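So this one's structure.pdb, PDB, C-alpha atoms, pLDDT in the B column:
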ATOM      1  CA  MET A   1      -1.418  -5.690 -15.927  1.00 93.00           C
ATOM      2  CA  ASP A   2       2.103  -6.373 -17.231  1.00 95.00           C
ATOM      3  CA  GLU A   3       2.207  -2.901 -18.771  1.00 95.00           C
ATOM      4  CA  VAL A   4       1.207  -1.228 -15.503  1.00 95.00           C
ATOM      5  CA  LEU A   5       3.744  -3.300 -13.555  1.00 94.00           C
ATOM      6  CA  SER A   6       6.573  -2.539 -15.971  1.00 96.00           C
ATOM      7  CA  THR A   7       5.868   1.155 -16.611  1.00 95.00           C
ATOM      8  CA  THR A   8       4.944   2.551 -13.203  1.00 96.00           C
ATOM      9  CA  ARG A   9       7.799   5.000 -12.839  1.00 94.00           C
ATOM     10  CA  ALA A  10       8.924   7.485 -10.228  1.00 93.00           C
ATOM     11  CA  VAL A  11       7.340  10.611 -11.716  1.00 95.00           C
ATOM     12  CA  ARG A  12       8.807  13.965 -10.711  1.00 93.00           C
ATOM     13  CA  LYS A  13       9.211  16.201 -13.770  1.00 93.00           C
ATOM     14  CA  ARG A  14       6.077  15.089 -15.621  1.00 96.00           C
ATOM     15  CA  LEU A  15       3.528  15.882 -12.934  1.00 97.00           C
ATOM     16  CA  ASP A  16       0.809  18.231 -14.174  1.00 98.00           C
ATOM     17  CA  LEU A  17       0.811  21.014 -11.597  1.00 97.00           C
ATOM     18  CA  THR A  18      -2.207  22.786 -13.099  1.00 97.00           C
ATOM     19  CA  ARG A  19      -4.784  19.996 -13.281  1.00 97.00           C
ATOM     20  CA  PRO A  20      -6.863  19.299 -10.152  1.00 97.00           C
ATOM     21  CA  VAL A  21      -6.986  15.745  -8.841  1.00 98.00           C
ATOM     22  CA  GLU A  22     -10.477  14.639  -7.912  1.00 98.00           C
ATOM     23  CA  ARG A  23     -11.117  13.388  -4.379  1.00 98.00           C
ATOM     24  CA  GLU A  24     -12.938  10.346  -5.735  1.00 98.00           C
ATOM     25  CA  VAL A  25      -9.998   9.161  -7.854  1.00 98.00           C
ATOM     26  CA  ILE A  26      -7.781   9.173  -4.767  1.00 98.00           C
ATOM     27  CA  LEU A  27     -10.419   7.193  -2.883  1.00 98.00           C
ATOM     28  CA  GLU A  28     -10.724   4.718  -5.792  1.00 98.00           C
ATOM     29  CA  CYS A  29      -6.983   4.095  -5.671  1.00 98.00           C
ATOM     30  CA  LEU A  30      -7.042   3.701  -1.895  1.00 98.00           C
ATOM     31  CA  ARG A  31      -9.906   1.209  -2.139  1.00 98.00           C
ATOM     32  CA  LEU A  32      -7.684  -0.906  -4.352  1.00 98.00           C
ATOM     33  CA  ALA A  33      -4.652  -0.332  -2.153  1.00 98.00           C
ATOM     34  CA  VAL A  34      -6.270  -1.737   0.972  1.00 97.00           C
ATOM     35  CA  GLN A  35      -7.016  -4.987  -0.843  1.00 97.00           C
ATOM     36  CA  ALA A  36      -3.307  -5.811  -0.564  1.00 96.00           C
ATOM     37  CA  PRO A  37      -2.361  -8.560   1.897  1.00 93.00           C
ATOM     38  CA  THR A  38      -1.369  -7.639   5.437  1.00 92.00           C
ATOM     39  CA  ALA A  39       0.752  -9.467   7.992  1.00 88.00           C
ATOM     40  CA  SER A  40      -1.416 -11.449  10.453  1.00 85.00           C
ATOM     41  CA  ASN A  41      -4.400  -9.665   8.924  1.00 87.00           C
ATOM     42  CA  ASN A  42      -3.385  -6.499  10.812  1.00 85.00           C
ATOM     43  CA  GLN A  43      -5.197  -3.802   8.895  1.00 90.00           C
ATOM     44  CA  ASP A  44      -3.316  -1.021  10.617  1.00 93.00           C
ATOM     45  CA  TRP A  45      -2.538   1.085   7.578  1.00 95.00           C
ATOM     46  CA  ARG A  46      -3.804   4.634   7.645  1.00 97.00           C
ATOM     47  CA  TRP A  47      -3.672   7.278   4.920  1.00 98.00           C
ATOM     48  CA  VAL A  48      -3.350  11.039   5.255  1.00 98.00           C
ATOM     49  CA  VAL A  49      -4.338  12.965   2.115  1.00 98.00           C
ATOM     50  CA  VAL A  50      -3.172  16.573   2.035  1.00 98.00           C
ATOM     51  CA  THR A  51      -4.842  18.969  -0.396  1.00 98.00           C
ATOM     52  CA  ASP A  52      -4.670  22.182   1.648  1.00 98.00           C
ATOM     53  CA  ALA A  53      -2.231  24.500  -0.130  1.00 98.00           C
ATOM     54  CA  ASP A  54      -0.808  26.034   3.040  1.00 98.00           C
ATOM     55  CA  LYS A  55      -0.111  22.633   4.583  1.00 98.00           C
ATOM     56  CA  ARG A  56       1.449  21.379   1.366  1.00 98.00           C
ATOM     57  CA  ALA A  57       3.687  24.441   1.288  1.00 98.00           C
ATOM     58  CA  LYS A  58       4.825  23.839   4.862  1.00 97.00           C
ATOM     59  CA  ILE A  59       5.528  20.163   4.175  1.00 97.00           C
ATOM     60  CA  ALA A  60       7.476  21.128   1.036  1.00 96.00           C
ATOM     61  CA  GLU A  61       9.503  23.560   3.139  1.00 95.00           C
ATOM     62  CA  ILE A  62      10.298  20.792   5.626  1.00 95.00           C
ATOM     63  CA  TYR A  63      11.176  18.416   2.788  1.00 92.00           C
ATOM     64  CA  ASN A  64      13.500  20.949   1.190  1.00 91.00           C
ATOM     65  CA  SER A  65      15.176  21.789   4.484  1.00 92.00           C
ATOM     66  CA  VAL A  66      16.205  18.150   4.688  1.00 88.00           C
ATOM     67  CA  GLY A  67      16.863  17.277   1.073  1.00 78.00           C
ATOM     68  CA  ALA A  68      17.441  20.177  -1.310  1.00 77.00           C
ATOM     69  CA  GLU A  69      21.145  20.678  -0.635  1.00 77.00           C
ATOM     70  CA  TYR A  70      21.801  16.942  -0.353  1.00 76.00           C
ATOM     71  CA  LEU A  71      20.085  16.138  -3.659  1.00 78.00           C
ATOM     72  CA  ALA A  72      21.811  18.966  -5.532  1.00 74.00           C
ATOM     73  CA  GLN A  73      25.190  17.794  -4.269  1.00 77.00           C
ATOM     74  CA  LYS A  74      24.464  14.183  -5.267  1.00 72.00           C
ATOM     75  CA  ALA A  75      23.358  15.326  -8.725  1.00 73.00           C
ATOM     76  CA  ASN A  76      26.763  16.984  -9.207  1.00 76.00           C
ATOM     77  CA  THR A  77      28.864  14.117  -7.849  1.00 78.00           C
ATOM     78  CA  ALA A  78      27.016  10.954  -8.941  1.00 72.00           C
ATOM     79  CA  SER A  79      29.316   8.429 -10.561  1.00 75.00           C
ATOM     80  CA  ASP A  80      27.275   7.567 -13.668  1.00 78.00           C
ATOM     81  CA  ASP A  81      24.840   9.216 -16.064  1.00 79.00           C
ATOM     82  CA  GLN A  82      21.744   7.361 -14.854  1.00 77.00           C
ATOM     83  CA  ALA A  83      22.402   8.259 -11.214  1.00 77.00           C
ATOM     84  CA  ARG A  84      22.998  11.896 -12.190  1.00 78.00           C
ATOM     85  CA  ARG A  85      19.690  11.990 -14.061  1.00 81.00           C
ATOM     86  CA  VAL A  86      17.824  10.514 -11.092  1.00 79.00           C
ATOM     87  CA  TYR A  87      19.326  13.012  -8.649  1.00 78.00           C
ATOM     88  CA  ALA A  88      18.742  15.895 -11.057  1.00 80.00           C
ATOM     89  CA  SER A  89      15.097  14.849 -11.334  1.00 82.00           C
ATOM     90  CA  ALA A  90      14.828  14.604  -7.552  1.00 83.00           C
ATOM     91  CA  THR A  91      16.400  18.052  -7.231  1.00 83.00           C
ATOM     92  CA  ALA A  92      13.878  19.456  -9.716  1.00 85.00           C
ATOM     93  CA  LEU A  93      11.044  18.145  -7.543  1.00 91.00           C
ATOM     94  CA  THR A  94      12.217  20.291  -4.630  1.00 87.00           C
ATOM     95  CA  SER A  95      11.360  23.424  -6.620  1.00 89.00           C
ATOM     96  CA  THR A  96       7.858  22.252  -7.619  1.00 95.00           C
ATOM     97  CA  LEU A  97       6.790  20.100  -4.679  1.00 96.00           C
ATOM     98  CA  ALA A  98       4.593  22.763  -3.080  1.00 97.00           C
ATOM     99  CA  GLN A  99       2.623  23.045  -6.343  1.00 98.00           C
ATOM    100  CA  VAL A 100       1.789  19.341  -6.628  1.00 98.00           C
ATOM    101  CA  PRO A 101      -1.975  19.211  -5.952  1.00 98.00           C
ATOM    102  CA  VAL A 102      -2.165  16.231  -3.597  1.00 98.00           C
ATOM    103  CA  TYR A 103       0.138  14.561  -1.099  1.00 98.00           C
ATOM    104  CA  VAL A 104      -0.653  11.091   0.211  1.00 98.00           C
ATOM    105  CA  ILE A 105       1.171   9.889   3.321  1.00 98.00           C
ATOM    106  CA  PRO A 106       0.820   6.166   4.068  1.00 98.00           C
ATOM    107  CA  CYS A 107       1.105   5.396   7.774  1.00 98.00           C
ATOM    108  CA  ILE A 108       1.169   2.449  10.160  1.00 96.00           C
ATOM    109  CA  GLU A 109      -0.816   2.684  13.376  1.00 95.00           C
ATOM    110  CA  LYS A 110       2.169   1.663  15.534  1.00 93.00           C
ATOM    111  CA  ARG A 111       5.777   2.642  16.229  1.00 94.00           C
ATOM    112  CA  LEU A 112       8.627   0.437  15.009  1.00 91.00           C
ATOM    113  CA  GLU A 113      11.447   1.549  17.290  1.00 92.00           C
ATOM    114  CA  GLY A 114      12.965  -1.352  19.192  1.00 92.00           C
ATOM    115  CA  LEU A 115      11.068  -4.071  17.340  1.00 92.00           C
ATOM    116  CA  PRO A 116      13.013  -7.254  16.518  1.00 95.00           C
ATOM    117  CA  LEU A 117      13.661  -7.936  12.838  1.00 95.00           C
ATOM    118  CA  VAL A 118      10.650 -10.219  12.470  1.00 94.00           C
ATOM    119  CA  GLY A 119       8.353  -7.621  14.026  1.00 92.00           C
ATOM    120  CA  ALA A 120       9.669  -4.775  11.876  1.00 92.00           C
ATOM    121  CA  ALA A 121       9.515  -6.899   8.722  1.00 93.00           C
ATOM    122  CA  SER A 122       5.929  -7.835   9.538  1.00 92.00           C
ATOM    123  CA  ALA A 123       4.973  -4.189  10.007  1.00 92.00           C
ATOM    124  CA  TRP A 124       6.559  -3.101   6.725  1.00 94.00           C
ATOM    125  CA  ALA A 125       4.947  -6.070   4.966  1.00 93.00           C
ATOM    126  CA  SER A 126       1.539  -4.708   5.900  1.00 90.00           C
ATOM    127  CA  ILE A 127       2.026  -1.230   4.433  1.00 95.00           C
ATOM    128  CA  ILE A 128       4.443  -1.555   1.506  1.00 96.00           C
ATOM    129  CA  PRO A 129       2.215  -3.849  -0.629  1.00 96.00           C
ATOM    130  CA  ALA A 130      -0.735  -1.492  -0.083  1.00 97.00           C
ATOM    131  CA  ALA A 131       1.346   1.594  -0.847  1.00 98.00           C
ATOM    132  CA  TRP A 132       2.701   0.064  -4.046  1.00 98.00           C
ATOM    133  CA  SER A 133      -0.811  -1.007  -5.077  1.00 98.00           C
ATOM    134  CA  PHE A 134      -1.848   2.622  -4.632  1.00 98.00           C
ATOM    135  CA  LEU A 135       0.905   3.758  -7.010  1.00 98.00           C
ATOM    136  CA  LEU A 136      -0.089   1.117  -9.560  1.00 98.00           C
ATOM    137  CA  ALA A 137      -3.715   2.225  -9.337  1.00 98.00           C
ATOM    138  CA  LEU A 138      -2.632   5.820  -9.967  1.00 98.00           C
ATOM    139  CA  ARG A 139      -0.714   4.748 -13.078  1.00 98.00           C
ATOM    140  CA  SER A 140      -3.742   2.912 -14.473  1.00 97.00           C
ATOM    141  CA  ARG A 141      -5.764   6.149 -14.201  1.00 98.00           C
ATOM    142  CA  GLY A 142      -3.256   8.502 -15.798  1.00 98.00           C
ATOM    143  CA  LEU A 143      -1.778   9.800 -12.553  1.00 98.00           C
ATOM    144  CA  GLY A 144       1.718   9.512 -11.182  1.00 98.00           C
ATOM    145  CA  ALA A 145       3.737   9.957  -8.029  1.00 98.00           C
ATOM    146  CA  VAL A 146       7.134   9.231  -6.565  1.00 97.00           C
ATOM    147  CA  TRP A 147       7.954   7.366  -3.366  1.00 97.00           C
ATOM    148  CA  THR A 148       9.802   9.916  -1.225  1.00 95.00           C
ATOM    149  CA  THR A 149      11.060   9.588   2.345  1.00 94.00           C
ATOM    150  CA  LEU A 150      13.208  12.671   3.001  1.00 93.00           C
ATOM    151  CA  HIS A 151      10.559  14.359   5.150  1.00 95.00           C
ATOM    152  CA  LEU A 152      10.848  11.487   7.634  1.00 96.00           C
ATOM    153  CA  ALA A 153      14.017  13.096   8.965  1.00 94.00           C
ATOM    154  CA  LYS A 154      11.597  15.605  10.491  1.00 96.00           C
ATOM    155  CA  GLU A 155       8.636  13.270  10.899  1.00 97.00           C
ATOM    156  CA  ARG A 156       7.439  14.860  14.126  1.00 97.00           C
ATOM    157  CA  GLU A 157       7.189  18.315  12.538  1.00 97.00           C
ATOM    158  CA  VAL A 158       4.928  16.933   9.815  1.00 98.00           C
ATOM    159  CA  ALA A 159       2.977  14.940  12.396  1.00 98.00           C
ATOM    160  CA  GLU A 160       2.298  18.090  14.419  1.00 98.00           C
ATOM    161  CA  LEU A 161       1.220  19.974  11.301  1.00 98.00           C
ATOM    162  CA  LEU A 162      -1.246  17.241  10.307  1.00 98.00           C
ATOM    163  CA  GLY A 163      -2.361  16.121  13.768  1.00 98.00           C
ATOM    164  CA  ILE A 164      -0.870  12.632  13.349  1.00 98.00           C
ATOM    165  CA  PRO A 165      -0.752  10.900  16.770  1.00 97.00           C
ATOM    166  CA  ASP A 166       2.552  10.018  18.430  1.00 96.00           C
ATOM    167  CA  ASP A 167       1.902   6.274  18.120  1.00 96.00           C
ATOM    168  CA  VAL A 168       1.579   6.405  14.319  1.00 97.00           C
ATOM    169  CA  THR A 169       4.531   5.923  11.940  1.00 97.00           C
ATOM    170  CA  GLN A 170       4.652   7.784   8.653  1.00 98.00           C
ATOM    171  CA  VAL A 171       6.110   5.576   5.918  1.00 97.00           C
ATOM    172  CA  ALA A 172       6.496   7.829   2.876  1.00 98.00           C
ATOM    173  CA  LEU A 173       5.240  10.917   1.077  1.00 98.00           C
ATOM    174  CA  PHE A 174       3.635  10.544  -2.359  1.00 98.00           C
ATOM    175  CA  PRO A 175       3.237  13.788  -4.356  1.00 98.00           C
ATOM    176  CA  VAL A 176       0.296  12.909  -6.630  1.00 98.00           C
ATOM    177  CA  ALA A 177      -0.826  14.542  -9.877  1.00 98.00           C
ATOM    178  CA  TYR A 178      -2.009  13.682 -13.338  1.00 98.00           C
ATOM    179  CA  THR A 179       0.967  13.016 -15.568  1.00 98.00           C
ATOM    180  CA  ILE A 180       1.996  14.978 -18.629  1.00 97.00           C
ATOM    181  CA  GLY A 181       1.613  12.185 -21.156  1.00 96.00           C
ATOM    182  CA  THR A 182       1.278   8.522 -20.251  1.00 95.00           C
ATOM    183  CA  ASP A 183       3.965   7.045 -22.515  1.00 95.00           C
ATOM    184  CA  PHE A 184       6.202   5.679 -19.755  1.00 95.00           C
ATOM    185  CA  LYS A 185       8.573   2.880 -20.671  1.00 95.00           C
ATOM    186  CA  PRO A 186      10.168   0.023 -18.752  1.00 94.00           C
ATOM    187  CA  ALA A 187      13.364   1.053 -16.981  1.00 91.00           C
ATOM    188  CA  THR A 188      16.787  -0.417 -17.676  1.00 89.00           C
ATOM    189  CA  ARG A 189      17.453  -3.151 -15.155  1.00 91.00           C
ATOM    190  CA  PRO A 190      20.086  -5.898 -14.908  1.00 93.00           C
ATOM    191  CA  PRO A 191      19.106  -9.281 -16.362  1.00 96.00           C
ATOM    192  CA  VAL A 192      17.371 -11.213 -13.607  1.00 96.00           C
ATOM    193  CA  GLU A 193      19.616 -14.186 -14.308  1.00 95.00           C
ATOM    194  CA  THR A 194      22.553 -12.158 -12.981  1.00 95.00           C
ATOM    195  CA  ILE A 195      20.889 -11.228  -9.696  1.00 95.00           C
ATOM    196  CA  THR A 196      19.071 -14.477  -8.905  1.00 96.00           C
ATOM    197  CA  SER A 197      20.571 -17.337  -6.890  1.00 96.00           C
ATOM    198  CA  TRP A 198      19.182 -20.875  -6.897  1.00 96.00           C
ATOM    199  CA  ASN A 199      19.424 -22.805  -3.645  1.00 96.00           C
ATOM    200  CA  THR A 200      22.741 -21.211  -2.599  1.00 97.00           C
ATOM    201  CA  TRP A 201      23.764 -17.542  -2.565  1.00 96.00           C
ATOM    202  CA  GLY A 202      25.747 -16.728  -5.692  1.00 92.00           C
ATOM    203  CA  ASP A 203      24.726 -19.905  -7.534  1.00 90.00           C
ATOM    204  CA  ASN A 204      23.208 -18.762 -10.812  1.00 84.00           C
TER     205      ASN A 204
END

As structure tokens:
Amino acid sequence: MDEVLSTTRAVRKRLDLTRPVEREVILECLRLAVQAPTASNNQDWRWVVVTDADKRAKIAEIYNSVGAEYLAQKANTASDDQARRVYASATALTSTLAQVPVYVIPCIEKRLEGLPLVGAASAWASIIPAAWSFLLALRSRGLGAVWTTLHLAKEREVAELLGIPDDVTQVALFPVAYTIGTDFKPATRPPVETITSWNTWGDN
């Protein structure tokens, strides 16, 4: 479990674009995902799995219309090497996204506009644990994905393409594929002692 938790990476360049992803493996991962806790036991998550090549191509086109130029510019102007690598990897995904065999779009069966902070936090708390569990389940089976949100700038266009009702909120887009190799390593992160406060903000 510790290995899965510490090595589930955002996979963009090492997605195998030639290997089919079985329907059942996606369903297995979703079965695990929906075991995650939900706020007030509201099981209002919904999942849209897109395997149709034409629909994936149209979603990729929407994604790129929002993000391709932005990501390329950030890759060229990022202030440090790690940020440049991340943006370069994200830029590379724009050229291969349409070829990724499966997209999974986690959704909430409600709209969040105008909710107070507690209501919005409760809604996100019902979908984010399940979505992350899905990504962990993929990792344990030799698959990978990346949590992307750029398409949400044109959420309604994607909703119309996929028949998603107006009262449903899309949360992310996961391009899913088997990974090329499984030798992912823990990422470099700051020591937790430097980012953790005890009892009072800033008290380490």

Handout entry: Matched chain/residue IDs from the PyMOL selection byres ((chain A and resi 166-172) around 6), as a PyMOL selection string
Key = chain A and resi 105-111+148-149+165+173

Problem - Minimum-distance residue to Leu93 in chain A, chosen among A:Ala10, A:Ala121, A:Ile127, A:Cys29 (using all atoms listed in the file) - result: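 The shortest atom-to-atom distance to Leu93 in chain A comes from A:Ala10.
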
Using only C-alpha atoms, which residues of range 29-145 of chain A come within 8 Å of range 175-186 of chain A, and what is the closest atom pair for each, with the distance in Å to one decimal? Give it as a Markdown table, sorted by chain and residue number.
| residue | atom | partner | partner_atom | distance |
| --- | --- | --- | --- | --- |
| A:Leu97 | CA | A:Pro175 | CA | 7.3 |
| A:Val100 | CA | A:Pro175 | CA | 6.2 |
| A:Pro101 | CA | A:Ala177 | CA | 6.2 |
| A:Val102 | CA | A:Val176 | CA | 5.1 |
| A:Tyr103 | CA | A:Pro175 | CA | 4.6 |
| A:Val104 | CA | A:Pro175 | CA | 6.6 |
| A:Gly142 | CA | A:Tyr178 | CA | 5.9 |
| A:Leu143 | CA | A:Tyr178 | CA | 4.0 |
| A:Gly144 | CA | A:Thr179 | CA | 5.7 |
| A:Ala145 | CA | A:Val176 | CA | 4.7 |

Fill in the blank from the handout: If you count all atoms listed in the file, the residue of A:His151, A:Arg12, A:Arg189, A:Arg156 closest to Gln99 in chain A turns out to be A:Arg12

Exercise for the section: Would you kindly return, as a ChimeraX atom specification, each protein, DNA or RNA residue with an atom no farther than 12 Å from any atom of Asp54 in chain A, considering only C-alpha atoms and excluding same-chain residues fewer than 3 positions away? Expected result: /A:50-51,57-61,98-99,101-102,161-162

Practice task
State, in Å with one decimal place, the distance from CA of Leu15 in chain A to CA of Tyr70 in chain A.
Solution key: 22.2 Å

Exercise for the section: Would you mind reading off the distance between CA of Leu5 in chain A and CA of Phe134 in chain A, one decimal, in Å? Expected result: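 Interatomic distance here is 12.1 Å.
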
Handout entry: Coordinates-based distance that separates CA of Pro37 in chain A from CA of Ala131 in chain A (Å, one decimal)
Key = 11.2 Å

Practice task
Find the spatial neighbours of Ala92 in chain A, counting all atoms listed in the file, within a cut-off of 12 Å - ignore same-chain residues fewer than 2 positions away - and output them as a PyMOL selection string.
Solution key: chain A and resi 11-15+64+67-69+71-72+75+85-90+94-98

Practice task
Point out the residue among A:Asn199, A:Ser40, A:Thr18, A:Thr188 with the least atom-to-atom distance to Gln82 in chain A, counting all atoms listed in the file.
Solution key: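 Checking each of A:Asn199, A:Ser40, A:Thr18, A:Thr188 against Gln82 in chain A, counting all atoms listed in the file, the winner is A:Thr188.
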
Exercise for the section: Could you check which of A:Asp2, A:Thr200, A:Thr194, A:Leu30 is closest to Ala137 in chain A, using all atoms listed in the file? Expected result: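 Going through A:Asp2, A:Thr200, A:Thr194, A:Leu30 one by one, the smallest distance to Ala137 in chain A is for A:Leu30.
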
Practice task
With the file shown as input, list the residues that the PyMOL selection byres ((chain A and resi 1) around 12) selects, as a list of chain:residue names.
Solution key: A:Asp2, A:Glu3, A:Val4, A:Leu5, A:Ser6, A:Thr7, A:Thr8, A:Ser133, A:Leu136, A:Ala137, A:Arg139, A:Ser140

Handout entry: Neighbour residues at most 12 Å from (-0.4, -9.8, 6.8) (only C-alpha atoms) as a list in words
Key =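 With a cut-off of 12 Å, the residues come to Val34, Gln35, Ala36, Pro37, Thr38, Ala39, Ser40, Asn41, Asn42, Gln43, Asp44, Trp45, Gly119, Ala121, Ser122, Ala123, Trp124, Ala125, Ser126, Ile127, Ile128, Pro129 and Ala130 of chain A.
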
Serialized selection, C-alpha atoms, as a short mmCIF file (atom, residue, chain, number, x, y, z; two decimals), keeping the file's coordinate frame:
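Output contents, as saved in selection.cif:
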data_model
loop_
_atom_site.label_atom_id
_atom_site.label_comp_id
_atom_site.auth_asym_id
_atom_site.auth_seq_id
_atom_site.Cartn_x
_atom_site.Cartn_y
_atom_site.Cartn_z
CA VAL A 34 -6.27 -1.74 0.97
CA GLN A 35 -7.02 -4.99 -0.84
CA ALA A 36 -3.31 -5.81 -0.56
CA PRO A 37 -2.36 -8.56 1.90
CA THR A 38 -1.37 -7.64 5.44
CA ALA A 39 0.75 -9.47 7.99
CA SER A 40 -1.42 -11.45 10.45
CA ASN A 41 -4.40 -9.66 8.92
CA ASN A 42 -3.38 -6.50 10.81
CA GLN A 43 -5.20 -3.80 8.90
CA ASP A 44 -3.32 -1.02 10.62
CA TRP A 45 -2.54 1.08 7.58
CA GLY A 119 8.35 -7.62 14.03
CA ALA A 121 9.52 -6.90 8.72
CA SER A 122 5.93 -7.84 9.54
CA ALA A 123 4.97 -4.19 10.01
CA TRP A 124 6.56 -3.10 6.72
CA ALA A 125 4.95 -6.07 4.97
CA SER A 126 1.54 -4.71 5.90
CA ILE A 127 2.03 -1.23 4.43
CA ILE A 128 4.44 -1.56 1.51
CA PRO A 129 2.22 -3.85 -0.63
CA ALA A 130 -0.74 -1.49 -0.08
#

Exercise for the section: Could you check which of A:Leu152, A:Leu138, A:Ile195, A:Val158 is closest to Arg31 in chain A, using all atoms listed in the file? Expected result: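 Going through A:Leu152, A:Leu138, A:Ile195, A:Val158 one by one, the smallest distance to Arg31 in chain A is for A:Leu138.
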
Handout entry: Nearest-residue call for Arg23 in chain A, choices A:Val118, A:Val49, A:Lys74, A:Glu160, using only C-alpha atoms
Key =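 Nearest to Arg23 in chain A: A:Val49.
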